[in-house]
Amino acid sequence: MLKIVEFNVNGKDYEIAVNPGELLVDTLRIRLGLTSVKKGCSVGECGACAVLIDGVVVNSCIYLTEWAEHKQLITVEGLRNKDNSLHPVQKAFIEEAAVQCGFCTPGFILTAVEIVGHRKNYTRDEIRRLISGHLCRCTGYENIINAIERAVKESHKP
Ligand code: FES
Ligand code: FES
C-alpha cells in the first residue's frame with residue numbers, strides 16, 4: 001500500500017506517494033532527478049549516496065524514504081548560495097584539486113559541510129576519522145583532507 005510522505009529537499013516541499021521499502025537514494029535520484037546522490041555499494045559502506053538529513057549525514061541507500069517524513073534534506077544540488085555562487089566547501093574542493101572521477105565527491109562534500117557546521121578546529125587525524133565512512137578509489141584522500149582542512153579554517157575567519 002502506498003504511503004504519502006512529506007519532506008523538504010533543498011528548500012522545496014514535496015509530498016509523494018512511496019511504496020513500502022522504497023529507498024531514499026532511489027526517490028532522490030529517480031523520482032526527483034537529484035543525480036548528485038550516487039549509488040555505489042548499496043549496503044552503507046561507501047558513502048557515495050550520502051545526504052544531509054536535518055544537518056546530519058545519512059547513507060540514503062540504507063534509509064527508507066518514509067523515515068524522511070517532515071525532515072529537511074540537502075543534496076549537493078541545494079548547496080549553492082542564493083547568488084548562485086558555490087558553497088565554500090565546494091570552492092575548497094576545487095582549490096585543493098580534491099576531485100578526480102567525482103563519483104565519491106558529493107558524499108564527501110556533504111560530510112565536509114556537516115564537519116564545518118560543527119564550528120570546531122579539527123586536526124588532520126580527526127578529519128581523517130570523520131570522513132572514514134566514505135571511500136574514494138582515485139584521490140588517495142590527501143587532497144580531500146586538504147580541502148576539508150581549508151574549509152574548516154576558512155569558516156573560522158571573521
Ligand atoms: S551507496 Fe550507500 S553507502 Fe554506498
Ligand atoms: S574521485 Fe573517483 S572515487 Fe573519489
# chains A, B, ... in the order shown; residues from 1 in each chain; ligands from 1
>>> closest_atom_pairs(of="chain A", to="ligand 1", cutoff="7 Å", atoms="only C-alpha atoms and all ligand atoms", output="Markdown table")
| residue | atom | partner | partner_atom_place_in_ligand_line | distance |
| --- | --- | --- | --- | --- |
| A:Lys38 | CA | ligand 1 | 1 (S) | 6.5 |
| A:Lys39 | CA | ligand 1 | 1 (S) | 4.2 |
| A:Gly40 | CA | ligand 1 | 1 (S) | 3.8 |
| A:Cys41 | CA | ligand 1 | 4 (Fe) | 3.8 |
| A:Ser42 | CA | ligand 1 | 1 (S) | 4.0 |
| A:Val43 | CA | ligand 1 | 3 (S) | 5.6 |
| A:Gly44 | CA | ligand 1 | 3 (S) | 3.3 |
| A:Glu45 | CA | ligand 1 | 3 (S) | 4.3 |
| A:Cys46 | CA | ligand 1 | 4 (Fe) | 3.8 |
| A:Gly47 | CA | ligand 1 | 3 (S) | 4.0 |
| A:Ala48 | CA | ligand 1 | 1 (S) | 5.1 |
| A:Cys49 | CA | ligand 1 | 2 (Fe) | 4.4 |
| A:Ala50 | CA | ligand 1 | 2 (Fe) | 6.6 |
| A:Asn59 | CA | ligand 1 | 2 (Fe) | 5.0 |
| A:Ser60 | CA | ligand 1 | 2 (Fe) | 5.9 |
| A:Cys61 | CA | ligand 1 | 2 (Fe) | 4.3 |
| A:Ile62 | CA | ligand 1 | 2 (Fe) | 6.6 |
>>> residues_near_ligand(ligand="ligand 2", cutoff="6 Å", atoms="only C-alpha atoms and all ligand atoms", output="JSON, numbers by chain")
{"A": [99, 100, 101, 102, 103, 104, 105, 136, 137, 138, 139]}
>>> closest_residue(among="A:Thr111, A:Asn143, A:Asn10, A:Thr75", to="Arg124 of chain A", atoms="only C-alpha atoms")
A:Asn143
>>> select_by_dssp(residues="chain A", states="helix (DSSP H, G or I)", output="PyMOL selection string")
chain A and resi 24-31+60-62+65-68+76-78+88-95+105-117+124-130+142-155
>>> select_by_dssp(residues="segment 44-138 of chain A", states="strand (DSSP E or B)", output="PyMOL selection string")
chain A and resi 50-53+56-59+64+72-74
>>> residues_around(residues="Trp67 of chain A", least_positions_apart="6", cutoff="12 Å", atoms="only C-alpha atoms", output="PyMOL selection string")
chain A and resi 3-7+18+20-24+53+58+60+73
>>> atom_distance(atom1="atom CA of Ile30 of chain A", atom2="atom CA of Leu135 of chain A")
23.1 Å
>>> atom_distance(atom1="atom CA of Asp13 of chain A", atom2="atom CA of Lys71 of chain A")
10.0 Å
>>> atom_distance(atom1="atom CA of Ile109 of chain A", atom2="atom CA of Lys82 of chain A")
18.3 Å
>>> decode(residues="segment 19-127 of chain A", atoms="C-alpha atoms", output="short mmCIF file (atom, residue, chain, number, x, y, z; two decimals), in the first residue's frame")
data_model
loop_
_atom_site.label_atom_id
_atom_site.label_comp_id
_atom_site.auth_asym_id
_atom_site.auth_seq_id
_atom_site.Cartn_x
_atom_site.Cartn_y
_atom_site.Cartn_z
CA ASN A 19 5.98 2.09 -1.82
CA PRO A 20 6.89 0.42 1.48
CA GLY A 21 10.58 -0.35 1.31
CA GLU A 22 11.36 2.42 -1.19
CA LEU A 23 14.89 3.63 -0.55
CA LEU A 24 15.69 7.30 -0.25
CA VAL A 25 18.55 7.02 -2.77
CA ASP A 26 16.04 5.88 -5.41
CA THR A 27 13.48 8.52 -4.51
CA LEU A 28 16.07 11.27 -4.79
CA ARG A 29 17.79 10.03 -7.95
CA ILE A 30 14.95 8.54 -9.97
CA ARG A 31 11.86 10.43 -8.85
CA LEU A 32 13.33 13.85 -8.01
CA GLY A 33 16.21 13.76 -10.52
CA LEU A 34 18.86 14.62 -7.91
CA THR A 35 21.65 12.65 -9.52
CA SER A 36 24.43 14.10 -7.37
CA VAL A 37 23.32 11.35 -4.97
CA LYS A 38 25.29 8.34 -6.21
CA LYS A 39 24.54 4.67 -5.82
CA GLY A 40 27.75 2.79 -5.12
CA CYS A 41 27.77 -0.19 -2.80
CA SER A 42 24.06 -0.08 -1.78
CA VAL A 43 24.95 -1.51 1.63
CA GLY A 44 26.02 1.56 3.61
CA GLU A 45 29.77 1.11 3.16
CA CYS A 46 30.99 3.71 0.64
CA GLY A 47 29.21 6.99 1.44
CA ALA A 48 28.51 7.81 -2.22
CA CYS A 49 24.77 8.09 -1.51
CA ALA A 50 25.18 10.43 1.48
CA VAL A 51 22.65 13.22 2.02
CA LEU A 52 22.20 15.66 4.88
CA ILE A 53 19.05 14.97 6.88
CA ASP A 54 18.34 17.65 9.48
CA GLY A 55 22.03 18.57 9.31
CA VAL A 56 23.43 15.06 9.77
CA VAL A 57 24.94 12.90 7.03
CA VAL A 58 22.98 9.72 6.32
CA ASN A 59 23.59 6.99 3.75
CA SER A 60 20.43 7.12 1.66
CA CYS A 61 20.91 3.58 0.31
CA ILE A 62 20.04 2.16 3.72
CA TYR A 63 17.37 4.70 4.64
CA LEU A 64 13.70 4.27 3.81
CA THR A 65 12.05 7.26 2.18
CA GLU A 66 9.19 7.11 4.66
CA TRP A 67 11.65 7.76 7.50
CA ALA A 68 12.28 11.21 5.97
CA GLU A 69 8.75 12.34 6.86
CA HIS A 70 8.79 16.04 7.92
CA LYS A 71 12.58 16.23 7.65
CA GLN A 72 14.85 18.73 5.86
CA LEU A 73 17.13 17.13 3.29
CA ILE A 74 20.06 18.66 1.47
CA THR A 75 21.90 17.27 -1.53
CA VAL A 76 24.75 18.91 -3.41
CA GLU A 77 22.18 20.44 -5.81
CA GLY A 78 20.98 22.53 -2.86
CA LEU A 79 24.35 23.81 -1.66
CA ARG A 80 24.81 26.91 -3.83
CA ASN A 81 24.38 30.28 -2.21
CA LYS A 82 21.39 32.48 -3.07
CA ASP A 83 23.52 34.43 -5.58
CA ASN A 84 24.28 31.08 -7.29
CA SER A 85 27.93 31.11 -6.15
CA LEU A 86 29.45 27.87 -4.91
CA HIS A 87 29.36 26.85 -1.26
CA PRO A 88 32.75 27.44 0.48
CA VAL A 89 33.23 23.67 0.78
CA GLN A 90 32.73 23.24 -2.97
CA LYS A 91 35.26 26.03 -3.59
CA ALA A 92 37.76 24.36 -1.24
CA PHE A 93 37.43 21.06 -3.14
CA ILE A 94 38.19 22.87 -6.41
CA GLU A 95 41.07 24.88 -4.94
CA GLU A 96 42.70 21.75 -3.48
CA ALA A 97 42.07 19.62 -6.60
CA ALA A 98 40.22 17.13 -4.42
CA VAL A 99 38.20 15.63 -7.28
CA GLN A 100 39.16 13.06 -9.87
CA CYS A 101 36.33 10.93 -11.32
CA GLY A 102 33.90 12.70 -9.00
CA PHE A 103 31.80 9.69 -8.03
CA CYS A 104 32.58 9.99 -4.33
CA THR A 105 32.68 13.79 -4.30
CA PRO A 106 29.06 14.71 -3.44
CA GLY A 107 29.17 12.45 -0.39
CA PHE A 108 32.50 13.85 0.81
CA ILE A 109 31.27 17.41 0.26
CA LEU A 110 28.13 16.86 2.35
CA THR A 111 30.15 15.31 5.16
CA ALA A 112 32.53 18.28 4.93
CA VAL A 113 29.54 20.64 5.22
CA GLU A 114 28.49 18.80 8.38
CA ILE A 115 32.07 18.97 9.74
CA VAL A 116 32.34 22.71 9.03
CA GLY A 117 28.98 23.19 10.73
CA HIS A 118 30.42 21.83 13.99
CA ARG A 119 32.46 25.08 14.23
CA LYS A 120 35.44 23.18 15.69
CA ASN A 121 39.12 23.27 14.81
CA TYR A 122 39.72 19.67 13.80
CA THR A 123 43.18 18.20 13.33
CA ARG A 124 44.03 16.27 10.16
CA ASP A 125 43.73 13.00 12.05
CA GLU A 126 40.33 13.96 13.36
CA ILE A 127 39.21 14.90 9.84
#
